[in-house]
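Engineer: Here it is: the structure, laid out below.
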Amino acid sequence: MQALWRAETEIPIGTHTAHDGTSRKLGSRISDTAGQAGRNFMSTDVARLAWREFAYREPGSMIDEHRLWTNALSSQPLTLNVMGPLRLDTKLATKVLGAICPDLTDATVDAVLFEHSPGRRVESLTQDRTAWDAVITYVRETGETGFVALEFKYTETCGERQKELRSRYDELIPATGLFIDPAAVELRGPPLQQLMREHVLAQATIMRGDHSEGRFIVVAPALNQPVQDACARYAANLAPPSEGKAGFAVITLESFIAALGEQGDEAYAASLYRRYCDWSLIDDEIEANFAMRSAR
């Protein structure tokens, strides 16, 4: 889909270099020149924001510069393309927040942050470099503050190799009260480990007193079945929701984009959908290929 979008928008093709040093053209890659010009982003404003966010990234943030600029499949540019308009317009962010989280219609967004952690390698949190792709912070009408931490997945599966957990988790996982069985082995490896780490980070942030409430949300395409399955398995490990505990939810990328369109720029949302979710790109290619073969 990304290769077809790149061709449709006439962005020059880029190359992929394998581990053995060999290179080849790859449809989902954007040329270095086009990447540096911001063509991996959906508007000039978002491209400008991407440059600023990269320049002022948090110390220790895990941003792969080459993937950000030239990999059309990467969830890093996806996050900026979806969340960028919210970062640039907190009034829009407030509307979208209320649309995706109906219980937060009384909340006013005060910030949208990217590749954010409230404290990397900090003893009071997870003591590692776990971070969220994006986080929305808000203030309720009561004056209480909260946050929505977001993890974006596109082609990722949650099955990617994970590092061994730090010993801090042996103490922190039970202390959060998030899980039915804090000792469950499947929480500590793929495909659930990353979800657990980010959710535990959210709860540790609340326990530290940074905010009164918070939640962790995964955003992924409806047809990314490995991620949807991993999230369902993860949710099955969670204790019933209760006051003071970080919530967990899954939102499809399609519904998030729809909320952005309903609350803001319909044309921008339509272009996002066309790029990331429109399977008619694939259908048209199949039909064209069939017609070509049938004509032989």
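Ligands are numbered from 1 in the order shown, residues from 1 within each chain, and chains are lettered A, B, ... in the order they appear in the structure tokens.
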Segment 199-279 of chain A: which residues are strand (DSSP E) by DSSP, as a PyMOL selection string?

Structural biologist: chain A and resi 213-220+247-252

Engineer: For the residues selected in the previous step, produce a file with N, CA and C atoms as a short mmCIF file (atom, residue, chain, number, x, y, z; two decimals), in the first residue's frame.

Structural biologist:
data_model
loop_
_atom_site.label_atom_id
_atom_site.label_comp_id
_atom_site.auth_asym_id
_atom_site.auth_seq_id
_atom_site.Cartn_x
_atom_site.Cartn_y
_atom_site.Cartn_z
N GLU A 213 -4.86 10.82 36.88
CA GLU A 213 -5.38 9.69 36.11
C GLU A 213 -4.64 9.57 34.80
N GLY A 214 -4.79 8.42 34.17
CA GLY A 214 -4.15 8.21 32.88
C GLY A 214 -4.60 6.91 32.26
N ARG A 215 -4.28 6.75 31.00
CA ARG A 215 -4.61 5.51 30.30
C ARG A 215 -3.61 5.28 29.18
N PHE A 216 -3.52 4.04 28.76
CA PHE A 216 -2.62 3.63 27.68
C PHE A 216 -3.47 3.06 26.55
N ILE A 217 -3.30 3.61 25.35
CA ILE A 217 -4.10 3.20 24.20
C ILE A 217 -3.19 2.77 23.06
N VAL A 218 -3.51 1.64 22.46
CA VAL A 218 -2.82 1.17 21.26
C VAL A 218 -3.66 1.54 20.05
N VAL A 219 -3.02 2.13 19.04
CA VAL A 219 -3.70 2.49 17.80
C VAL A 219 -3.09 1.65 16.68
N ALA A 220 -3.91 0.86 16.00
CA ALA A 220 -3.41 -0.02 14.95
C ALA A 220 -4.50 -0.24 13.91
N GLY A 247 -5.94 3.02 32.69
CA GLY A 247 -6.78 2.22 31.81
C GLY A 247 -6.02 1.69 30.61
N PHE A 248 -6.64 0.76 29.92
CA PHE A 248 -6.06 0.21 28.69
C PHE A 248 -7.17 0.09 27.65
N ALA A 249 -6.84 0.46 26.40
CA ALA A 249 -7.82 0.35 25.32
C ALA A 249 -7.10 0.20 23.99
N VAL A 250 -7.85 -0.24 23.00
CA VAL A 250 -7.36 -0.36 21.63
C VAL A 250 -8.30 0.43 20.74
N ILE A 251 -7.73 1.25 19.87
CA ILE A 251 -8.51 2.03 18.91
C ILE A 251 -7.97 1.72 17.52
N THR A 252 -8.85 1.47 16.57
CA THR A 252 -8.35 1.23 15.22
C THR A 252 -7.82 2.53 14.62
#

Engineer: Near Gln225 of chain A, within 12 Å and counting only C-alpha atoms, which residues show up once chain neighbours fewer than 2 positions away are dropped, as a ChimeraX atom specification?

Structural biologist: /A:153-159,220-223,227-232,252

Engineer: Can those selected residues be exported to a file as a PDB file, in the first residue's frame so that it contains C-alpha atoms?

Structural biologist:
ATOM      1  CA  LYS A 153       1.426   0.202  15.169  1.00  0.00           C
ATOM      2  CA  TYR A 154       1.230  -0.107  11.396  1.00  0.00           C
ATOM      3  CA  THR A 155       3.017  -3.161   9.999  1.00  0.00           C
ATOM      4  CA  GLU A 156       4.594  -4.100  13.329  1.00  0.00           C
ATOM      5  CA  THR A 157       3.249  -7.280  14.922  1.00  0.00           C
ATOM      6  CA  CYS A 158       4.178  -7.004  18.633  1.00  0.00           C
ATOM      7  CA  GLY A 159       6.201 -10.159  17.994  1.00  0.00           C
ATOM      8  CA  ALA A 220      -3.414  -0.024  14.947  1.00  0.00           C
ATOM      9  CA  PRO A 221      -5.137  -0.851  11.658  1.00  0.00           C
ATOM     10  CA  ALA A 222      -8.220  -3.012  12.052  1.00  0.00           C
ATOM     11  CA  LEU A 223      -6.650  -5.629   9.774  1.00  0.00           C
ATOM     12  CA  VAL A 227      -1.512  -6.588  16.988  1.00  0.00           C
ATOM     13  CA  GLN A 228      -5.250  -6.927  17.537  1.00  0.00           C
ATOM     14  CA  ASP A 229      -4.723 -10.470  18.845  1.00  0.00           C
ATOM     15  CA  ALA A 230      -1.850  -9.378  21.102  1.00  0.00           C
ATOM     16  CA  CYS A 231      -3.978  -6.596  22.568  1.00  0.00           C
ATOM     17  CA  ALA A 232      -6.826  -9.024  23.238  1.00  0.00           C
ATOM     18  CA  THR A 252      -8.348   1.227  15.220  1.00  0.00           C
TER      19      THR A 252
END

Engineer: Do you know which residues are at most 9 Å from Thr90 of chain A counting only C-alpha atoms, after dropping those on the same chain fewer than 4 positions away, and could you put them as a ChimeraX atom specification?

Structural biologist: /A:85-86,94-95,108-112

Engineer: From the options A:Asn289, A:Ser294, A:Gln263, A:Ser43, which residue's atoms come nearest to Ile100 of chain A, counting only C-alpha atoms?

Structural biologist: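 Using only C-alpha atoms, Ile100 of chain A sits closest to A:Gln263.
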
Engineer: When you count only C-alpha atoms, which of these residues is closest to Asn40 of chain A: A:Ala236, A:Val200, A:Ile206, A:Leu272?

Structural biologist: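 Smallest separation from Asn40 of chain A among the options: A:Leu272.
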
Engineer: Could you find all residues in segment 17-179 of chain A that DSSP calls helix (DSSP H, G or I) from the backbone, and write them as a ChimeraX atom specification?

Structural biologist: /A:32-36,44-55,65-70,75-88,90-100,102-104,168-176

Engineer: So, counting only C-alpha atoms, which residue among A:Arg197, A:Arg52, A:Arg87, A:Arg275 is closest to Ala72 of chain A?

Structural biologist: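 Looking at the shortest contact to Ala72 of chain A, the residue is A:Arg275.
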
Engineer: From the list A:His19, A:Arg57, A:Lys91, A:Arg48, which residue is nearest Leu260 of chain A when using only C-alpha atoms?

Structural biologist: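 The closest residue to Leu260 of chain A is A:Lys91.
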
Engineer: Tell me, in Å to one decimal, how far atom CA of His116 of chain A is from atom CA of Leu97 of chain A.

Structural biologist: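 About the pair atom CA of His116 of chain A and atom CA of Leu97 of chain A: they are 18.0 Å apart.
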
Engineer: Which distance in Å separates atom CA of Gly209 of chain A and atom CA of Glu115 of chain A, to one decimal?

Structural biologist: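 So the two atoms, atom CA of Gly209 of chain A and atom CA of Glu115 of chain A, lie 20.9 Å apart.
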
Engineer: Name the residues in contact with segment 31-38 of chain A at a cut-off of 8 Å, using only C-alpha atoms, excluding same-chain residues fewer than 6 positions from it; report them as a PyMOL selection string.

Structural biologist: chain A and resi 11-15+44+47-48+69-70

Engineer: Given the selection you just returned, output its residues as a file containing C-alpha atoms, formatted as a compact mmCIF listing (two decimals), in the first residue's frame.

Structural biologist:
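File written: again-v8.txt
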# COMPACT_ATOMS: atom_id res chain seq x y z
CA ILE A 11 7.63 10.63 -4.72
CA PRO A 12 10.98 9.24 -5.96
CA ILE A 13 11.67 5.67 -4.93
CA GLY A 14 14.36 4.92 -2.34
CA THR A 15 16.68 2.00 -1.67
CA THR A 44 4.42 21.13 4.99
CA ALA A 47 7.10 18.12 7.96
CA ARG A 48 8.29 21.30 9.68
CA TRP A 69 12.52 10.50 6.78
CA THR A 70 12.52 7.68 4.22

Engineer: Using only C-alpha atoms, what does the table of segment 235-291 of chain A residues within 8 Å of segment 165-180 of chain A look like, with each row giving the shortest atom pair and its distance in Å to one decimal, sorted by chain and ascending number, as a tab-separated table?

Structural biologist:
residue	atom	partner	partner_atom	distance
A:Asn237	CA	A:Ile180	CA	5.8
A:Leu238	CA	A:Phe179	CA	4.4
A:Ala239	CA	A:Ile180	CA	4.8
A:Lys245	CA	A:Leu178	CA	7.0
A:Ala246	CA	A:Leu178	CA	7.9

Engineer: At a cut-off of 9 Å, using only C-alpha atoms, what residues contact Val46 of chain A? Leave out same-chain residues fewer than 3 positions from it and give the result as a list of chain:residue names.

Structural biologist: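 Near Val46 of chain A, the qualifying residues are A:Gly38, A:Phe41, A:Met42, A:Ser43, A:Leu49, A:Ala50, A:Trp51, A:Leu80, A:Asn81, A:Gly84, A:Pro85, A:Leu88.
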